[in-house]
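Participant: Provided herewith: query.txt, compact mmCIF, C-alpha atoms and all ligand atoms.
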```txt
# COMPACT_ATOMS: atom_id res chain seq x y z
CA MET A 1 19.85 10.02 41.11
CA GLN A 2 23.20 8.49 40.37
CA LEU A 3 25.99 10.98 39.94
CA TYR A 4 29.23 10.62 38.07
CA TYR A 5 32.17 12.85 38.70
CA ALA A 6 34.78 13.54 36.10
CA ASP A 7 36.90 10.39 36.26
CA GLU A 8 33.92 8.12 36.69
CA ALA A 9 32.23 9.81 33.79
CA LEU A 10 35.36 9.46 31.72
CA SER A 11 35.46 5.74 32.22
CA LYS A 12 31.81 5.67 31.32
CA TRP A 13 32.57 7.43 28.07
CA ASN A 14 35.39 5.01 27.32
CA GLU A 15 33.08 2.13 27.96
CA ILE A 16 30.76 3.58 25.37
CA ASP A 17 33.61 3.92 22.90
CA GLU A 18 34.00 0.16 23.11
CA LEU A 19 30.34 -0.34 22.48
CA PHE A 20 30.65 1.44 19.17
CA GLU A 21 32.19 -1.42 17.23
CA GLU A 22 29.78 -3.95 18.63
CA GLU A 23 26.75 -1.80 17.88
CA LYS A 24 28.03 -0.95 14.46
CA GLN A 25 27.98 -4.64 13.55
CA GLN A 26 24.45 -5.05 14.90
CA LYS A 27 23.36 -1.93 13.04
CA LYS A 28 24.81 -3.24 9.81
CA GLU A 29 23.00 -6.53 10.23
CA SER A 30 19.66 -4.86 10.81
CA ILE A 31 20.20 -2.59 7.84
CA GLU A 32 21.04 -5.60 5.68
CA ALA A 33 17.78 -7.16 6.76
CA ILE A 34 15.86 -4.02 5.82
CA LEU A 35 17.60 -3.85 2.45
CA ASP A 36 16.56 -7.45 1.81
CA LYS A 37 13.01 -6.65 2.80
CA ILE A 38 12.66 -3.65 0.53
CA GLY A 39 14.41 -5.44 -2.29
CA ILE A 40 17.58 -3.38 -2.60
CA ILE A 41 19.87 -6.01 -4.03
CA GLU A 42 22.37 -4.14 -6.17
CA PRO A 43 25.83 -4.52 -4.56
CA TYR A 44 26.75 -0.86 -5.05
CA HIS A 45 23.59 0.23 -3.24
CA ARG A 46 24.33 -2.10 -0.36
CA ASP A 47 27.97 -1.04 -0.14
CA PHE A 48 26.77 2.54 -0.14
CA ALA A 49 24.49 1.82 2.83
CA MET A 50 27.30 0.14 4.77
CA LYS A 51 29.63 3.01 4.01
CA LYS A 52 27.02 5.36 5.44
CA VAL A 53 26.94 3.38 8.66
CA ASP A 54 30.71 3.75 8.96
CA GLU A 55 30.47 7.46 8.23
CA ALA A 56 27.69 7.90 10.74
CA LEU A 57 29.71 6.08 13.32
CA GLU A 58 32.73 8.29 12.71
CA HIS A 59 30.54 11.33 13.00
CA VAL A 60 29.11 10.16 16.30
CA LYS A 61 32.53 9.22 17.58
CA SER A 62 34.14 12.53 16.77
CA ASN A 63 31.27 14.41 18.38
CA TRP A 64 31.77 12.33 21.46
CA GLN A 65 35.45 13.07 21.55
CA LEU A 66 34.50 16.73 21.57
CA GLU A 67 32.00 16.13 24.31
CA LYS A 68 34.68 14.46 26.34
CA GLU A 69 37.05 17.39 25.90
CA GLN A 70 34.55 20.12 26.50
CA ARG A 71 32.09 18.75 28.94
CA ILE A 72 33.56 15.95 30.97
CA LYS A 73 36.66 17.78 31.93
CA PRO A 74 34.77 20.53 33.74
CA SER A 75 33.34 17.66 35.76
CA LEU A 76 29.88 17.53 34.42
CA TRP A 77 27.58 14.77 35.48
CA TRP A 78 26.86 12.12 32.98
CA LYS A 79 23.16 12.18 33.36
CA GLU A 80 23.04 15.87 32.70
CA VAL A 81 24.87 15.37 29.44
CA ALA A 82 22.53 12.65 28.37
CA GLN A 83 19.43 14.58 29.35
CA ALA A 84 20.62 17.67 27.58
CA GLN A 85 20.97 15.68 24.41
CA ALA A 86 17.70 13.91 24.92
CA GLN A 87 15.92 17.24 25.15
CA ASN A 88 17.58 18.45 22.00
CA PRO A 89 17.82 15.32 19.94
CA THR A 90 18.58 17.02 16.62
CA ALA A 91 21.29 19.29 18.00
CA ASN A 92 24.12 17.93 15.89
CA THR A 93 22.26 17.47 12.69
CA ASP A 94 21.78 19.44 9.56
CA ALA A 95 20.95 18.43 6.05
CA ASN A 96 24.50 17.43 5.23
CA THR A 97 25.46 15.38 8.22
CA PRO A 98 24.05 12.05 9.31
CA LYS A 99 21.02 12.64 11.46
CA LEU A 100 21.50 9.85 13.86
CA SER A 101 23.69 10.36 16.84
CA ASN A 102 22.11 10.87 20.17
CA LEU A 103 22.78 9.67 23.65
CA SER A 104 19.88 7.97 25.24
CA ALA A 105 19.02 8.73 28.82
CA ASP A 106 21.03 5.77 30.05
CA GLY A 107 23.95 7.10 28.10
CA LYS A 108 24.58 3.92 26.18
CA ALA A 109 22.73 3.72 22.95
CA TRP A 110 23.46 5.57 19.82
CA PHE A 111 20.73 5.52 17.36
CA ILE A 112 20.48 5.05 13.67
CA HIS A 113 17.16 3.81 12.43
CA PRO A 114 17.64 1.41 9.54
CA VAL A 115 14.72 2.88 7.63
CA ALA A 116 16.40 6.28 7.82
CA MET A 117 19.11 4.79 5.62
CA ILE A 118 16.80 5.06 2.65
CA ASP A 119 17.30 8.82 2.75
CA TYR A 120 20.94 8.29 1.94
CA PHE A 121 20.38 6.66 -1.39
CA PRO A 122 21.07 8.96 -4.27
CA LYS A 123 17.92 10.37 -5.83
CA SER A 124 16.75 7.80 -8.34
CA GLU A 125 16.47 8.60 -11.95
CA ILE A 126 12.99 9.16 -13.28
CA LEU A 127 11.75 6.19 -15.28
CA PHE A 128 8.32 7.52 -16.24
CA GLN A 129 6.54 10.83 -15.78
CA LYS A 130 3.52 12.75 -17.01
CA GLY A 131 3.28 12.74 -20.79
CA ASP A 132 5.11 9.43 -21.25
CA LYS A 133 3.60 6.42 -23.01
CA HIS A 134 4.69 2.83 -22.40
CA GLU A 135 3.32 -0.66 -21.84
CA ILE A 136 4.77 -0.62 -18.32
CA ILE A 137 2.73 2.53 -17.63
CA ARG A 138 -0.37 0.56 -18.58
CA GLU A 139 0.60 -2.09 -16.03
CA ILE A 140 1.13 0.58 -13.38
CA ASN A 141 -2.25 2.13 -14.19
CA ILE A 142 -3.81 -1.29 -13.68
CA ARG A 143 -1.90 -2.36 -10.57
CA LEU A 144 -2.40 0.92 -8.71
CA ALA A 145 -5.97 1.46 -9.88
CA GLY A 146 -7.18 1.35 -6.28
CA PHE A 147 -5.19 4.47 -5.42
CA GLY A 148 -7.68 7.03 -6.63
CA GLY A 149 -9.02 5.01 -9.57
CA ASN A 150 -7.63 4.57 -13.04
CA VAL A 151 -8.13 2.87 -16.40
CA PRO A 152 -5.75 0.56 -18.28
CA THR A 153 -4.16 3.13 -20.56
CA ASP A 154 -0.50 3.12 -21.59
CA GLU A 155 -0.39 6.90 -21.08
CA PHE A 156 1.01 8.63 -18.02
CA THR A 157 -1.88 11.00 -17.47
CA GLU A 158 -2.74 13.64 -14.88
CA ARG A 159 -4.64 10.88 -13.17
CA THR A 160 -1.60 8.61 -13.17
CA GLU A 161 0.39 11.35 -11.50
CA LYS A 162 -2.26 11.76 -8.79
CA MET A 163 -2.36 7.99 -8.35
CA ILE A 164 1.42 7.75 -7.92
CA LYS A 165 1.29 10.58 -5.38
CA GLN A 166 -1.42 8.85 -3.40
CA PHE A 167 0.57 5.62 -3.47
CA GLN A 168 3.73 7.41 -2.33
CA ARG A 169 1.85 9.22 0.43
CA ASP A 170 -0.16 6.27 1.74
CA TYR A 171 1.68 3.06 0.93
CA MET A 172 5.31 4.13 0.58
CA GLN A 173 5.11 6.99 3.06
CA VAL A 174 7.67 9.02 1.17
CA GLU A 175 7.66 12.44 -0.45
CA GLU A 176 5.00 12.75 -3.17
CA THR A 177 6.86 13.29 -6.42
CA GLY A 178 4.25 11.92 -8.81
CA VAL A 179 6.94 10.32 -10.97
CA VAL A 180 7.92 6.68 -11.29
CA ASP A 181 11.43 5.80 -10.18
CA ILE A 182 12.94 2.48 -9.15
CA GLN A 183 11.64 2.89 -5.59
CA VAL A 184 8.07 3.19 -6.88
CA ILE A 185 8.56 0.14 -9.11
CA GLN A 186 9.84 -1.92 -6.18
CA ALA A 187 7.06 -0.67 -3.93
CA ILE A 188 4.38 -1.70 -6.45
CA ASP A 189 5.90 -5.20 -6.61
CA ARG A 190 5.86 -5.28 -2.82
CA PHE A 191 2.27 -4.04 -2.65
CA GLN A 192 1.19 -6.79 -5.03
CA GLU A 193 2.85 -9.44 -2.94
CA GLU A 194 1.56 -8.09 0.33
CA TYR A 195 -2.07 -7.75 -0.77
CA THR A 196 -2.18 -10.68 -3.15
CA ILE A 197 -5.50 -12.42 -3.67
CA ASN A 198 -5.24 -15.80 -1.98
CA ASN A 199 -6.81 -19.09 -3.02
CA THR A 200 -9.74 -18.77 -0.64
CA ILE A 201 -10.69 -15.49 -2.24
CA TRP A 202 -10.20 -16.84 -5.76
CA LEU A 203 -12.79 -19.51 -4.93
CA GLN A 204 -15.17 -16.78 -3.79
CA LEU A 205 -14.53 -14.82 -6.98
CA LYS A 206 -15.47 -17.68 -9.29
CA CYS A 207 -18.92 -18.25 -10.68
CA ARG A 208 -20.93 -20.60 -8.47
CA CYS A 209 -23.54 -21.57 -11.03
CA GLY A 210 -22.69 -25.24 -10.61
CA LYS A 211 -23.34 -25.67 -14.33
CA GLN A 212 -21.12 -25.97 -17.39
CA CYS A 213 -18.80 -23.15 -16.47
CA ASP A 214 -15.40 -23.38 -14.84
CA GLY A 215 -15.72 -20.11 -12.97
CA PHE A 216 -15.71 -17.40 -15.57
CA GLY A 217 -18.45 -18.21 -18.06
CA ASN A 218 -18.08 -19.54 -21.58
CA GLY A 219 -17.63 -16.39 -23.60
CA LEU A 220 -21.31 -16.48 -24.50
CA GLY A 221 -23.27 -13.47 -25.73
CA LYS A 222 -22.39 -10.68 -28.12
CA ASN A 223 -20.06 -7.96 -26.82
CA THR A 224 -22.22 -4.85 -27.23
CA SER A 225 -22.71 -1.32 -25.94
CA PRO A 226 -23.89 0.26 -23.75
CA GLU A 227 -22.31 -1.81 -21.03
CA ARG A 228 -25.48 -1.79 -18.97
CA PHE A 229 -27.19 -4.09 -21.44
CA ASN A 230 -24.12 -6.00 -22.59
CA LYS A 231 -24.75 -9.73 -22.20
CA TYR A 232 -21.20 -10.77 -23.11
CA GLU A 233 -19.47 -13.14 -20.70
CA TYR A 234 -16.08 -11.51 -20.37
CA PRO A 235 -13.24 -14.05 -20.06
CA GLY A 236 -12.56 -13.48 -16.34
CA LEU A 237 -12.59 -10.59 -13.91
CA HIS A 238 -11.27 -7.15 -14.79
CA ARG A 239 -7.72 -6.69 -13.46
CA SER A 240 -8.22 -3.03 -12.49
CA LEU A 241 -11.27 -4.07 -10.47
CA LEU A 242 -9.30 -6.73 -8.60
CA PHE A 243 -6.38 -4.42 -7.94
CA GLY A 244 -8.93 -1.93 -6.64
CA PHE A 245 -9.97 -4.62 -4.20
CA CYS A 246 -6.30 -5.14 -3.19
CA ALA A 247 -5.92 -1.43 -2.43
CA LEU A 248 -9.17 -1.53 -0.47
CA ASN A 249 -7.62 -4.22 1.73
CA PHE A 250 -4.52 -2.11 2.20
CA TYR A 251 -6.65 0.83 3.37
CA LEU A 252 -8.81 -1.36 5.60
CA GLY A 253 -5.60 -2.68 7.14
CA ARG A 254 -4.80 0.76 8.49
CA GLN A 255 -7.58 0.54 11.09
CA ASN A 256 -9.09 -2.14 13.28
CA VAL A 257 -12.84 -1.62 13.16
CA TYR A 258 -13.95 -2.47 9.62
CA LYS A 259 -12.63 -5.66 8.08
CA PHE A 260 -13.13 -7.43 4.80
CA ARG A 261 -15.18 -10.58 5.39
CA GLU A 262 -15.77 -12.21 2.03
CA ILE A 263 -16.65 -11.81 -1.61
CA SER A 264 -20.29 -12.79 -1.58
CA SER A 265 -20.43 -12.71 -5.35
CA GLY A 266 -17.83 -12.27 -8.05
CA TYR A 267 -18.39 -13.76 -11.50
CA ARG A 268 -21.94 -14.77 -12.41
CA CYS A 269 -22.31 -16.31 -15.84
CA SER A 270 -25.53 -16.46 -17.85
CA LEU A 271 -26.32 -19.89 -16.38
CA HIS A 272 -26.10 -18.63 -12.78
CA LYS A 273 -29.48 -18.45 -11.06
CA GLU A 274 -28.95 -14.74 -10.47
CA GLY A 275 -27.11 -14.32 -13.75
CA LYS A 276 -30.19 -13.24 -15.66
CA LYS A 277 -31.00 -10.15 -13.60
CA THR A 278 -27.84 -8.24 -14.41
CA SER A 279 -24.93 -8.77 -16.75
CA ASN A 280 -22.63 -6.57 -14.67
CA HIS A 281 -21.29 -9.57 -12.84
CA ARG A 282 -20.04 -11.17 -16.04
CA GLY A 283 -16.54 -10.00 -15.17
CA LYS A 284 -17.00 -6.36 -14.20
CA ALA A 285 -18.34 -6.48 -10.64
CA LEU A 286 -17.68 -7.66 -7.10
CA ASP A 287 -20.01 -7.88 -4.13
CA ILE A 288 -17.99 -7.43 -0.97
CA GLN A 289 -19.00 -8.09 2.62
CA PHE A 290 -17.50 -6.77 5.85
CA ASN A 291 -17.26 -7.13 9.58
CA LYS A 292 -17.48 -4.28 12.03
CA GLY A 293 -15.50 -5.54 15.01
CA ASN A 294 -17.01 -8.94 15.74
CA TRP A 295 -20.26 -8.07 14.03
CA GLU A 296 -20.71 -9.75 10.66
CA ILE A 297 -22.63 -7.35 8.49
CA ARG A 298 -24.98 -9.69 6.67
CA HIS A 299 -28.62 -10.69 6.16
CA ARG A 300 -31.38 -8.26 5.21
CA LEU A 301 -31.24 -5.93 8.19
CA TYR A 302 -31.74 -2.20 8.39
CA ILE A 303 -28.93 -1.85 10.95
CA ASN A 304 -26.46 -2.86 8.21
CA ILE A 305 -27.06 0.33 6.28
CA GLU A 306 -25.17 2.74 8.50
CA PRO A 307 -21.87 0.81 8.65
CA LEU A 308 -22.06 -0.04 4.94
CA MET A 309 -22.52 3.62 4.05
CA TYR A 310 -19.65 4.47 6.36
CA ILE A 311 -17.37 1.97 4.59
CA ARG A 312 -18.50 3.19 1.17
CA ASP A 313 -17.85 6.85 2.04
CA ASN A 314 -14.66 6.46 4.05
CA PHE A 315 -12.89 3.77 2.07
CA PHE A 316 -14.35 3.29 -1.40
CA ALA A 317 -15.13 6.93 -2.15
CA THR A 318 -12.22 8.41 -0.23
CA TYR A 319 -9.42 6.23 -1.54
CA LEU A 320 -10.70 4.44 -4.66
CA ASN A 321 -12.62 7.51 -5.78
CA THR A 322 -15.77 5.49 -6.50
CA GLN A 323 -18.93 7.17 -7.73
CA GLU A 324 -22.47 6.18 -6.81
CA LYS A 325 -23.96 4.68 -9.95
CA TRP A 326 -22.53 5.26 -13.40
CA ALA A 327 -22.94 8.89 -14.47
CA ASN A 328 -19.25 9.50 -15.24
CA SER A 329 -17.03 7.39 -17.47
CA ASN A 330 -13.96 5.53 -16.34
CA LEU A 331 -14.56 5.47 -12.60
CA PHE A 332 -15.18 2.61 -10.21
CA SER A 333 -18.90 2.64 -9.33
CA THR A 334 -20.87 1.43 -6.34
CA GLU A 335 -24.55 0.63 -6.34
CA LEU A 336 -26.93 2.45 -4.03
CA ILE A 337 -27.14 1.20 -0.46
CA GLY A 338 -30.44 1.12 1.38
CA LEU A 339 -33.25 -0.84 3.00
CA ASN A 340 -36.58 0.15 4.52
CA LYS A 341 -36.70 0.43 8.30
CA ASP A 342 -38.87 -2.68 8.51
CA ASN A 343 -36.05 -4.58 6.74
CA SER A 344 -37.99 -4.79 3.50
CA ILE A 345 -36.26 -4.14 0.18
CA ILE A 346 -36.49 -0.68 -1.43
CA ASP A 347 -35.84 -1.99 -4.94
CA SER A 348 -33.36 -4.15 -6.81
CA GLU A 349 -31.01 -1.18 -7.23
CA HIS A 350 -30.19 -1.03 -3.53
CA THR A 351 -27.74 -3.31 -1.75
CA TYR A 352 -28.15 -3.94 1.96
CA SER A 353 -25.55 -6.42 3.26
CA TRP A 354 -22.76 -5.95 0.75
CA ILE A 355 -21.08 -3.27 -1.31
CA HIS A 356 -21.24 -3.76 -5.04
CA MET A 357 -18.32 -2.27 -6.98
CA ASP A 358 -17.90 -2.44 -10.75
CA VAL A 359 -16.10 -1.09 -13.80
CA ARG A 360 -19.25 -0.79 -15.89
CA SER A 361 -18.57 2.89 -16.60
CA PHE A 362 -15.21 2.11 -18.24
CA GLU A 363 -15.11 2.97 -21.93
CA LYS A 364 -15.04 0.00 -24.31
CA GLN A 365 -11.30 0.42 -25.04
CA TYR A 366 -10.66 -0.29 -21.35
CA LEU A 367 -12.81 -3.41 -21.34
CA LEU A 368 -10.85 -5.46 -23.85
CA ASP A 369 -10.69 -9.22 -23.23
CA GLU A 370 -6.97 -8.91 -22.42
CA TYR A 371 -7.78 -6.91 -19.25
CA PHE A 372 -9.69 -9.82 -17.72
CA CYS A 373 -8.01 -12.54 -15.67
CA THR A 374 -8.87 -15.89 -14.15
CA ASP A 375 -6.17 -16.60 -11.55
CA ALA A 376 -3.20 -15.17 -9.66
CA THR A 377 -0.87 -15.61 -12.63
CA THR A 378 -3.04 -13.78 -15.13
CA LEU A 379 -3.87 -11.10 -12.56
CA ASN A 380 -0.35 -10.39 -11.33
CA LYS A 381 1.69 -11.13 -14.45
CA GLU A 382 5.42 -10.49 -14.20
CA LYS A 383 6.97 -8.31 -11.54
CA LEU A 384 7.50 -4.75 -12.69
CA ILE A 385 11.21 -4.98 -11.89
CA THR A 386 11.42 -7.89 -14.33
CA LEU A 387 9.59 -5.92 -17.01
CA ILE A 388 11.85 -2.90 -16.41
CA ASN A 389 15.00 -4.98 -16.74
CA LYS A 390 13.91 -6.62 -19.99
ZN ZN A 401 -21.14 -20.03 -14.23
ZN ZN A 402 -23.29 -6.89 -7.42
```
Would you mind writing the structure in this file as structure tokens?
Facilitator:
Amino acid sequence: MQLYYADEALSKWNEIDELFEEEKQQKKESIEAILDKIGIIEPYHRDFAMKKVDEALEHVKSNWQLEKEQRIKPSLWWKEVAQAQAQNPTANTDANTPKLSNLSADGKAWFIHPVAMIDYFPKSEILFQKGDKHEIIREINIRLAGFGGNVPTDEFTERTEKMIKQFQRDYMQVEETGVVDIQVIQAIDRFQEEYTINNTIWLQLKCRCGKQCDGFGNGLGKNTSPERFNKYEYPGLHRSLLFGFCALNFYLGRQNVYKFREISSGYRCSLHKEGKKTSNHRGKALDIQFNKGNWEIRHRLYINIEPLMYIRDNFFATYLNTQEKWANSNLFSTELIGLNKDNSIIDSEHTYSWIHMDVRSFEKQYLLDEYFCTDATTLNKEKLITLINK
């Protein structure tokens, strides 16, 4: 153990004083980078953050002056000082002072985590909350549909509140307020960018009939009820369904075992060879396949059933709030999963190498043509921040 006596320790402290300025600059740079990343662009917000760094630094500095007076003079060893602080890292913090300053065991670093800066922004004003009604709320209900399930309504419902809370808890990792403020708006824009549907997946989503259809049918058939027997070729895939898929990918991304593999079937028009059996896939359904580790869950094999059920229960049902089959309105639904032990099919209602998810149980008002999309532009539309600033 290296020991410092008073004068040695004092020079050590002074050395650290000099490091302050240097580290402050580095800290500011890393905070600027974080602000860029999370999309905080308003100059007054950025100035505010930089001012907080200065304040934090002053706070740390003045505490250190005190340390020097009180602790170095009685000839305390450096390491002891550092260790004492390391063991009690929140000693100089309370709700009103910056919660950053600590000596590390080597006595050099002071610490302010850039992400902690977010706490210093003034509480944002509420843009939307329960009971409100707005076209932007409809967009939020669509774009966050995968966080607990939702329908494209312009109303901020109980369900919207739950959805916002789930999004805050899981994606934003902030306090669950259940209201929409500018941070939520920016986070939704970020979520959309991060989990965007790429071109490879768009190809998988399109109808592969190889006939006179450019991917999403020809609008054939009468739009009728109930949905189960509706032959109408909707003009694309339902946006809430696709955003549900985006959220699924977010949740899958939080672990390393189960991975999305491919969309084995998206749109199937009336000309598709399997398009006659069911009309669900005319815009309202996705068949999704997965890997478990290096194992590709595919083909008609009984061993697929267990991992598929696991994925259904622990991702689809847990986070997207899917129901099995279609008993309740306005939920995402999955088809039954199952196969006989000899790998033979139980019936056409059971899937065995994919998970089928659909919006068939949505009420007609939530299945309007305008909710269906055909590419990234019609899925994503404008950023929420753009809509807010209009
Ligand atoms: Zn087709
Ligand atoms: Zn299907």
Participant: Separation of CA of Ala56 in chain A and CA of Glu175 in chain A, in Å?
Facilitator: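 So the two atoms, CA of Ala56 in chain A and CA of Glu175 in chain A, lie 23.4 Å apart.
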Participant: Using Å and a single decimal, report how far CA of Glu335 in chain A sits from CA of Asp154 in chain A.
Facilitator: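 According to the coordinates, CA of Asp154 in chain A and CA of Glu335 in chain A are separated by 28.6 Å.
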Participant: Could you list, as a PyMOL selection string, all the residues within 7 Å of ligand ZN 402 (chain A), counting all atoms listed in the file?
Facilitator: chain A and resi 265+281+285-287+356-357
Participant: Quick one: everything within 8 Å of range 37-46 of chain A, counting only C-alpha atoms, minus sequence neighbours fewer than 2 positions away in the same chain. Send it as a PyMOL selection string.
Facilitator: chain A and resi 32-35+48-50+121+186-187+190
Participant: Any idea what's packed within 7 Å of His134 in chain A, counting only C-alpha atoms, ignoring anything in its chain fewer than 3 positions away? Could you give it as a ChimeraX atom specification?
Facilitator: /A:137-138,154-155
Participant: Take the selection from the previous step and output its residues with C-alpha atoms, as a short mmCIF file (atom, residue, chain, number, x, y, z; two decimals), keeping the file's coordinate frame.
Facilitator:
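So the final result, stored in again-v2.cif, reads:
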```cif
data_model
loop_
_atom_site.label_atom_id
_atom_site.label_comp_id
_atom_site.auth_asym_id
_atom_site.auth_seq_id
_atom_site.Cartn_x
_atom_site.Cartn_y
_atom_site.Cartn_z
CA ILE A 137 2.73 2.53 -17.63
CA ARG A 138 -0.37 0.56 -18.58
CA ASP A 154 -0.50 3.12 -21.59
CA GLU A 155 -0.39 6.90 -21.08
#
```
Participant: Within 7 Å of ligand ZN 401 (chain A), counting all atoms listed in the file: which residues, as an MDAnalysis selection string?
Facilitator: chainID A and resid 207:217 268:272
Participant: Have a look at CA of Thr278 in chain A and CA of Glu233 in chain A and let me know their distance in Å, one decimal.
Facilitator: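 One can read the CA of Thr278 in chain A to CA of Glu233 in chain A distance as 11.6 Å.
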Participant: So which residues touch Gln323 in chain A within 7 Å, counting only C-alpha atoms, skipping near sequence neighbours fewer than 5 positions away, as a ChimeraX atom specification?
Facilitator: /A:317,331-334
Participant: What's the 7 Å shell around Asn343 in chain A, counting only C-alpha atoms, without same-chain residues fewer than 5 positions away, as a ChimeraX atom specification?
Facilitator: /A:300-302
Participant: So, counting only C-alpha atoms, which residue among A:Ser62, A:Val257, A:Glu262, A:Gly219 is closest to Trp295 in chain A?
Facilitator: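 Smallest distance to Trp295 in chain A is found for A:Val257.
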Participant: Give the answer as one residue: which of A:Tyr319, A:Asn294, A:Gln255, A:Arg228 has the shortest atom-to-atom distance to Lys162 in chain A, using only C-alpha atoms?
Facilitator: A:Tyr319
Participant: Looking at all atoms listed in the file, which of A:Tyr234, A:Phe315, A:Phe260, A:Phe128 is the one that sits closest to Asp369 in chain A?
Facilitator: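 Selected residue with least distance to Asp369 in chain A: A:Tyr234.
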Participant: Could you name the residues that touch Asn280 in chain A at 8 Å or less, counting all atoms listed in the file, but leaving out those on the same chain fewer than 3 positions away, as a ChimeraX atom specification?
Facilitator: /A:227-228,283-285,358,360
Participant: Using all atoms listed in the file, can you tell me which of A:Asp170, A:Ile345, A:Asn304, A:Ile140 comes closest to Gly253 in chain A?
Facilitator: A:Asp170
